[in-house]
Amino acid sequence: MSLTLELDYQYTTSVEKLWAALTDSSKLAKWVANIHTGQGMENNFKPVVGHHFHFRTQATEYWDGIIKGEVLIVEEPHRLSYTWESGEKHTVTWTLQDLGNGQVNLHLEQTGISNPQALAGAKYGWSKWCDGLEKLLA
């Protein structure tokens, strides 16, 4: 059984600024952070189809601290998709929609999740990170 996480966030920003926050490695390091320490994750992300990337944080006794991925889709500035592997391999897709009046909807879809516990963990992690993204955009 494969589960899917879907979340929507509305931000007061432009599509271009939100796109940059999703695709610029220095901006990603400010909001994709270790959920326990809050320290930003070093990464080598590039919005180029086929690019293999890593996010790195402190290892624990249960995890090496490395998230691996490959960019699958880049449709600037509206759609971005990549694999996300940290134990399990998932596909993450971001869709940006300009709502007008300085509001942008960000839709997250993460597919390939194997069980309810992993789904809950993904929801917790992305919710925390997207709060950090809101602070970055403010």
# chains A, B, ... in the order shown; residues from 1 in each chain; ligands from 1
$ residues_around --residues "A:Ser14" --least-positions-apart "6" --cutoff "12 Å" --atoms "only C-alpha atoms" --output "list of chain:residue names"
A:Ala20, A:Ala21, A:Pro77, A:His78, A:Leu96, A:Gln97, A:Asp98, A:Leu99, A:Gly100, A:Asn101, A:Gly102, A:Gln103, A:Val104, A:Asn105, A:Leu106, A:Leu137, A:Ala138
$ write_last_selection --atoms "all heavy atoms" --output "compact mmCIF listing (two decimals), in the first residue's frame"
# COMPACT_ATOMS: atom_id res chain seq x y z
N ALA A 20 12.14 30.89 -5.96
CA ALA A 20 13.54 31.01 -5.55
C ALA A 20 13.79 30.32 -4.21
O ALA A 20 14.81 29.65 -4.02
CB ALA A 20 13.96 32.47 -5.49
N ALA A 21 12.84 30.43 -3.29
CA ALA A 21 12.99 29.79 -1.98
C ALA A 21 12.97 28.27 -2.08
O ALA A 21 13.55 27.58 -1.24
CB ALA A 21 11.89 30.27 -1.03
N PRO A 77 7.91 29.04 -13.28
CA PRO A 77 7.98 29.00 -11.82
C PRO A 77 6.77 28.30 -11.18
O PRO A 77 6.33 28.69 -10.10
CB PRO A 77 7.96 30.49 -11.47
CG PRO A 77 6.98 31.06 -12.47
CD PRO A 77 7.19 30.23 -13.74
N HIS A 78 6.23 27.28 -11.83
CA HIS A 78 4.98 26.71 -11.34
C HIS A 78 5.03 25.28 -10.82
O HIS A 78 4.16 24.88 -10.06
CB HIS A 78 3.90 26.81 -12.43
CG HIS A 78 3.61 28.22 -12.81
ND1 HIS A 78 2.95 29.10 -11.98
CD2 HIS A 78 3.90 28.92 -13.93
CE1 HIS A 78 2.86 30.28 -12.56
NE2 HIS A 78 3.43 30.20 -13.75
N LEU A 96 2.95 25.73 -7.60
CA LEU A 96 2.74 27.11 -7.18
C LEU A 96 1.64 27.72 -8.02
O LEU A 96 1.65 27.59 -9.25
CB LEU A 96 4.02 27.93 -7.35
CG LEU A 96 5.22 27.58 -6.48
CD1 LEU A 96 5.89 26.29 -6.91
CD2 LEU A 96 6.22 28.72 -6.52
N GLN A 97 0.71 28.39 -7.35
CA GLN A 97 -0.40 29.04 -8.05
C GLN A 97 -0.58 30.46 -7.53
O GLN A 97 -0.78 30.65 -6.32
CB GLN A 97 -1.69 28.25 -7.85
CG GLN A 97 -2.89 28.87 -8.56
CD GLN A 97 -4.19 28.13 -8.28
OE1 GLN A 97 -4.25 27.24 -7.45
NE2 GLN A 97 -5.23 28.53 -8.97
N ASP A 98 -0.48 31.42 -8.43
CA ASP A 98 -0.70 32.82 -8.05
C ASP A 98 -2.20 33.03 -7.83
O ASP A 98 -3.00 32.80 -8.72
CB ASP A 98 -0.20 33.73 -9.18
CG ASP A 98 -0.17 35.20 -8.78
OD1 ASP A 98 -0.89 35.60 -7.83
OD2 ASP A 98 0.58 35.96 -9.41
N LEU A 99 -2.57 33.44 -6.61
CA LEU A 99 -3.98 33.66 -6.27
C LEU A 99 -4.39 35.12 -6.45
O LEU A 99 -5.55 35.46 -6.26
CB LEU A 99 -4.23 33.25 -4.80
CG LEU A 99 -3.91 31.79 -4.46
CD1 LEU A 99 -4.07 31.56 -2.96
CD2 LEU A 99 -4.80 30.84 -5.25
N GLY A 100 -3.43 35.97 -6.82
CA GLY A 100 -3.72 37.40 -6.95
C GLY A 100 -3.58 38.10 -5.61
O GLY A 100 -3.47 37.46 -4.56
N ASN A 101 -3.57 39.42 -5.63
CA ASN A 101 -3.46 40.24 -4.42
C ASN A 101 -2.26 39.87 -3.56
O ASN A 101 -2.32 39.89 -2.33
CB ASN A 101 -4.74 40.17 -3.58
CG ASN A 101 -5.93 40.76 -4.32
OD1 ASN A 101 -5.78 41.75 -5.04
ND2 ASN A 101 -7.08 40.15 -4.18
N GLY A 102 -1.14 39.46 -4.20
CA GLY A 102 0.07 39.14 -3.46
C GLY A 102 0.03 37.83 -2.71
O GLY A 102 0.87 37.59 -1.83
N GLN A 103 -0.90 36.95 -3.05
CA GLN A 103 -1.03 35.65 -2.39
C GLN A 103 -0.66 34.54 -3.37
O GLN A 103 -1.06 34.57 -4.53
CB GLN A 103 -2.47 35.42 -1.91
CG GLN A 103 -2.93 36.41 -0.85
CD GLN A 103 -2.19 36.22 0.45
OE1 GLN A 103 -2.14 35.13 1.00
NE2 GLN A 103 -1.58 37.29 0.93
N VAL A 104 0.07 33.55 -2.86
CA VAL A 104 0.47 32.40 -3.67
C VAL A 104 0.12 31.13 -2.89
O VAL A 104 0.39 31.03 -1.70
CB VAL A 104 1.99 32.42 -3.99
CG1 VAL A 104 2.38 31.20 -4.81
CG2 VAL A 104 2.37 33.70 -4.70
N ASN A 105 -0.51 30.18 -3.58
CA ASN A 105 -0.78 28.87 -2.98
C ASN A 105 0.37 27.93 -3.35
O ASN A 105 0.78 27.85 -4.50
CB ASN A 105 -2.09 28.27 -3.49
CG ASN A 105 -2.44 26.99 -2.74
OD1 ASN A 105 -2.92 27.04 -1.62
ND2 ASN A 105 -2.20 25.86 -3.36
N LEU A 106 0.88 27.24 -2.34
CA LEU A 106 1.92 26.23 -2.54
C LEU A 106 1.32 24.88 -2.17
O LEU A 106 0.90 24.65 -1.04
CB LEU A 106 3.13 26.52 -1.64
CG LEU A 106 4.29 25.53 -1.73
CD1 LEU A 106 4.88 25.51 -3.14
CD2 LEU A 106 5.35 25.87 -0.71
N LEU A 137 10.10 34.11 3.82
CA LEU A 137 9.43 34.96 2.83
C LEU A 137 8.96 36.29 3.40
O LEU A 137 8.72 37.23 2.66
CB LEU A 137 8.23 34.21 2.23
CG LEU A 137 8.58 32.97 1.38
CD1 LEU A 137 7.31 32.17 1.09
CD2 LEU A 137 9.29 33.39 0.09
N ALA A 138 8.82 36.36 4.73
CA ALA A 138 8.27 37.58 5.38
C ALA A 138 9.22 38.76 5.25
O ALA A 138 10.41 38.62 5.17
CB ALA A 138 7.99 37.30 6.84
$ residues_around --residues "A:Arg79" --least-positions-apart "6" --cutoff "12 Å" --atoms "only C-alpha atoms" --output "list in words"
Val15, Glu16, Leu18, Trp19, Leu22, Thr23, Pro47, Val71, Leu72, Ile73, Val92, Thr93, Trp94, Thr95, Leu96, Gln97, Asn105, Leu106, His107, Leu108 and Glu109 of chain A
$ residues_around --residues "stretch 34-43 of chain A" --least-positions-apart "6" --cutoff "8 Å" --atoms "only C-alpha atoms" --output "count of residues only"
11
$ atom_distance --atom1 "atom CA of A:Ala33" --atom2 "atom CA of A:Lys123"
14.7 Å
$ closest_residue --among "A:Asn44, A:Ser86, A:Ser81, A:Thr13" --to "A:Asp64" --atoms "only C-alpha atoms"
A:Ser86
$ select_by_dssp --residues "stretch 99-128 of chain A" --states "strand (DSSP E or B)" --output "list of chain:residue names"
A:Leu99, A:Gly100, A:Gln103, A:Val104, A:Asn105, A:Leu106, A:His107, A:Leu108, A:Glu109, A:Gln110, A:Thr111, A:Gly112, A:Ile113
$ closest_residue --among "A:Ile67, A:Leu133, A:Tyr82, A:Asp24" --to "A:Gly50" --atoms "only C-alpha atoms"
A:Tyr82
$ atom_distance --atom1 "atom CA of A:Glu85" --atom2 "atom CA of A:Ser114"
12.6 Å
$ atom_distance --atom1 "atom CA of A:His90" --atom2 "atom CA of A:Ile113"
6.4 Å
$ closest_residue --among "A:Ala29, A:Lys46, A:Leu7, A:Ser2" --to "A:Ser127" --atoms "only C-alpha atoms"
A:Leu7
$ select_by_dssp --residues "chain A" --states "alpha helix (DSSP H)" --output "PyMOL selection string"
chain A and resi 15-23+25-31+116-137
$ residues_around --residues "A:Glu88" --least-positions-apart "4" --cutoff "12 Å" --atoms "only C-alpha atoms" --output "ChimeraX atom specification"
/A:2,63,67-69,83-84,110-115,118-119,122
$ write_last_selection --atoms "N, CA, C and O atoms" --output "compact mmCIF listing (two decimals), in the first residue's frame"
# COMPACT_ATOMS: atom_id res chain seq x y z
N SER A 2 0.59 2.18 -0.87
CA SER A 2 1.35 3.42 -0.96
C SER A 2 0.44 4.58 -0.55
O SER A 2 -0.68 4.71 -1.05
N TRP A 63 20.05 7.19 11.97
CA TRP A 63 20.01 7.76 10.62
C TRP A 63 21.33 8.45 10.32
O TRP A 63 21.91 9.12 11.19
N ILE A 67 19.82 13.12 3.16
CA ILE A 67 18.65 12.96 2.30
C ILE A 67 19.17 13.05 0.87
O ILE A 67 19.85 14.02 0.52
N LYS A 68 18.86 12.04 0.06
CA LYS A 68 19.31 12.01 -1.33
C LYS A 68 18.13 12.27 -2.25
O LYS A 68 16.99 11.91 -1.92
N GLY A 69 18.39 12.86 -3.39
CA GLY A 69 17.32 13.09 -4.35
C GLY A 69 17.83 13.29 -5.76
O GLY A 69 19.02 13.45 -6.00
N THR A 83 12.87 13.25 -6.39
CA THR A 83 12.82 12.14 -5.45
C THR A 83 13.39 12.64 -4.13
O THR A 83 14.17 13.60 -4.08
N TRP A 84 12.99 11.98 -3.05
CA TRP A 84 13.37 12.36 -1.69
C TRP A 84 13.59 11.04 -0.95
O TRP A 84 12.64 10.32 -0.69
N GLN A 110 3.51 14.42 -1.71
CA GLN A 110 4.60 13.47 -1.50
C GLN A 110 4.01 12.07 -1.64
O GLN A 110 3.14 11.69 -0.86
N THR A 111 4.48 11.32 -2.63
CA THR A 111 3.93 10.00 -2.92
C THR A 111 4.93 8.90 -2.57
O THR A 111 6.13 9.16 -2.45
N GLY A 112 4.41 7.68 -2.46
CA GLY A 112 5.26 6.52 -2.21
C GLY A 112 5.52 6.22 -0.75
O GLY A 112 6.41 5.44 -0.43
N ILE A 113 4.73 6.79 0.13
CA ILE A 113 4.91 6.60 1.58
C ILE A 113 4.33 5.24 1.96
O ILE A 113 3.21 4.90 1.58
N SER A 114 5.09 4.47 2.73
CA SER A 114 4.74 3.06 2.94
C SER A 114 3.77 2.77 4.08
O SER A 114 3.12 1.73 4.08
N ASN A 115 3.67 3.67 5.07
CA ASN A 115 2.83 3.34 6.23
C ASN A 115 2.35 4.60 6.94
O ASN A 115 2.91 5.68 6.73
N ALA A 118 5.06 6.71 8.80
CA ALA A 118 5.90 7.50 7.89
C ALA A 118 5.12 8.71 7.36
O ALA A 118 5.68 9.80 7.22
N LEU A 119 3.82 8.53 7.08
CA LEU A 119 2.98 9.64 6.62
C LEU A 119 2.90 10.73 7.69
O LEU A 119 3.05 11.91 7.40
N ALA A 122 6.23 12.57 7.85
CA ALA A 122 6.40 13.49 6.71
C ALA A 122 5.54 14.74 6.92
O ALA A 122 6.00 15.85 6.68
$ decode --residues "stretch 19-94 of chain A" --atoms "C-alpha atoms" --output "PDB file, in the first residue's frame"
ATOM      1  CA  TRP A  19      10.111  29.667  -6.573  1.00  0.00           C
ATOM      2  CA  ALA A  20      13.542  31.006  -5.554  1.00  0.00           C
ATOM      3  CA  ALA A  21      12.987  29.792  -1.975  1.00  0.00           C
ATOM      4  CA  LEU A  22      12.245  26.293  -3.342  1.00  0.00           C
ATOM      5  CA  THR A  23      15.134  26.136  -5.812  1.00  0.00           C
ATOM      6  CA  ASP A  24      18.079  28.219  -4.532  1.00  0.00           C
ATOM      7  CA  SER A  25      20.336  26.063  -2.331  1.00  0.00           C
ATOM      8  CA  SER A  26      21.300  28.954  -0.024  1.00  0.00           C
ATOM      9  CA  LYS A  27      17.621  29.795   0.556  1.00  0.00           C
ATOM     10  CA  LEU A  28      16.710  26.110   1.028  1.00  0.00           C
ATOM     11  CA  ALA A  29      19.371  25.883   3.765  1.00  0.00           C
ATOM     12  CA  LYS A  30      17.493  28.588   5.690  1.00  0.00           C
ATOM     13  CA  TRP A  31      14.171  26.725   5.940  1.00  0.00           C
ATOM     14  CA  VAL A  32      14.913  23.021   5.341  1.00  0.00           C
ATOM     15  CA  ALA A  33      16.439  22.449   8.763  1.00  0.00           C
ATOM     16  CA  ASN A  34      17.101  19.695  11.254  1.00  0.00           C
ATOM     17  CA  ILE A  35      13.697  19.379  12.959  1.00  0.00           C
ATOM     18  CA  HIS A  36      15.333  18.788  16.355  1.00  0.00           C
ATOM     19  CA  THR A  37      18.066  21.461  16.336  1.00  0.00           C
ATOM     20  CA  GLY A  38      16.691  23.992  13.841  1.00  0.00           C
ATOM     21  CA  GLN A  39      20.070  24.113  12.090  1.00  0.00           C
ATOM     22  CA  GLY A  40      19.732  24.569   8.326  1.00  0.00           C
ATOM     23  CA  MET A  41      20.736  21.642   6.145  1.00  0.00           C
ATOM     24  CA  GLU A  42      23.727  22.013   3.872  1.00  0.00           C
ATOM     25  CA  ASN A  43      22.698  21.033   0.344  1.00  0.00           C
ATOM     26  CA  ASN A  44      23.758  21.108  -3.288  1.00  0.00           C
ATOM     27  CA  PHE A  45      20.285  21.428  -4.831  1.00  0.00           C
ATOM     28  CA  LYS A  46      20.002  22.761  -8.398  1.00  0.00           C
ATOM     29  CA  PRO A  47      16.733  23.052 -10.365  1.00  0.00           C
ATOM     30  CA  VAL A  48      18.065  21.006 -13.293  1.00  0.00           C
ATOM     31  CA  VAL A  49      16.309  17.831 -14.451  1.00  0.00           C
ATOM     32  CA  GLY A  50      18.531  14.847 -13.727  1.00  0.00           C
ATOM     33  CA  HIS A  51      20.615  16.642 -11.063  1.00  0.00           C
ATOM     34  CA  HIS A  52      21.423  14.414  -8.077  1.00  0.00           C
ATOM     35  CA  PHE A  53      21.490  16.305  -4.775  1.00  0.00           C
ATOM     36  CA  HIS A  54      21.988  15.782  -1.042  1.00  0.00           C
ATOM     37  CA  PHE A  55      20.764  17.519   2.087  1.00  0.00           C
ATOM     38  CA  ARG A  56      23.023  16.907   5.091  1.00  0.00           C
ATOM     39  CA  THR A  57      22.479  17.284   8.818  1.00  0.00           C
ATOM     40  CA  GLN A  58      23.801  15.729  12.008  1.00  0.00           C
ATOM     41  CA  ALA A  59      23.690  11.942  12.008  1.00  0.00           C
ATOM     42  CA  THR A  60      21.974  10.058  14.814  1.00  0.00           C
ATOM     43  CA  GLU A  61      22.227   6.474  15.988  1.00  0.00           C
ATOM     44  CA  TYR A  62      19.212   5.701  13.734  1.00  0.00           C
ATOM     45  CA  TRP A  63      20.008   7.763  10.625  1.00  0.00           C
ATOM     46  CA  ASP A  64      23.097   8.932   8.699  1.00  0.00           C
ATOM     47  CA  GLY A  65      21.734  12.494   8.361  1.00  0.00           C
ATOM     48  CA  ILE A  66      21.672  12.416   4.546  1.00  0.00           C
ATOM     49  CA  ILE A  67      18.649  12.959   2.301  1.00  0.00           C
ATOM     50  CA  LYS A  68      19.311  12.005  -1.333  1.00  0.00           C
ATOM     51  CA  GLY A  69      17.319  13.089  -4.349  1.00  0.00           C
ATOM     52  CA  GLU A  70      17.132  13.552  -8.081  1.00  0.00           C
ATOM     53  CA  VAL A  71      15.331  16.395  -9.838  1.00  0.00           C
ATOM     54  CA  LEU A  72      12.549  15.019 -12.063  1.00  0.00           C
ATOM     55  CA  ILE A  73      10.544  18.045 -13.293  1.00  0.00           C
ATOM     56  CA  VAL A  74      11.348  21.762 -13.516  1.00  0.00           C
ATOM     57  CA  GLU A  75       8.570  23.955 -14.947  1.00  0.00           C
ATOM     58  CA  GLU A  76       9.672  27.380 -13.707  1.00  0.00           C
ATOM     59  CA  PRO A  77       7.980  29.002 -11.818  1.00  0.00           C
ATOM     60  CA  HIS A  78       4.981  26.714 -11.339  1.00  0.00           C
ATOM     61  CA  ARG A  79       6.034  23.083 -10.806  1.00  0.00           C
ATOM     62  CA  LEU A  80       9.013  21.276  -9.307  1.00  0.00           C
ATOM     63  CA  SER A  81       9.365  17.560  -8.615  1.00  0.00           C
ATOM     64  CA  TYR A  82      12.158  15.406  -7.226  1.00  0.00           C
ATOM     65  CA  THR A  83      12.818  12.143  -5.454  1.00  0.00           C
ATOM     66  CA  TRP A  84      13.371  12.355  -1.693  1.00  0.00           C
ATOM     67  CA  GLU A  85      15.159   9.421  -0.108  1.00  0.00           C
ATOM     68  CA  SER A  86      15.754   9.095   3.606  1.00  0.00           C
ATOM     69  CA  GLY A  87      15.188   5.440   4.346  1.00  0.00           C
ATOM     70  CA  GLU A  88      12.257   5.263   1.913  1.00  0.00           C
ATOM     71  CA  LYS A  89      12.273   6.753  -1.569  1.00  0.00           C
ATOM     72  CA  HIS A  90       9.382   9.149  -2.209  1.00  0.00           C
ATOM     73  CA  THR A  91       8.492  11.665  -4.895  1.00  0.00           C
ATOM     74  CA  VAL A  92       7.890  15.273  -3.820  1.00  0.00           C
ATOM     75  CA  THR A  93       6.034  17.645  -6.157  1.00  0.00           C
ATOM     76  CA  TRP A  94       5.505  21.347  -5.493  1.00  0.00           C
TER      77      TRP A  94
END
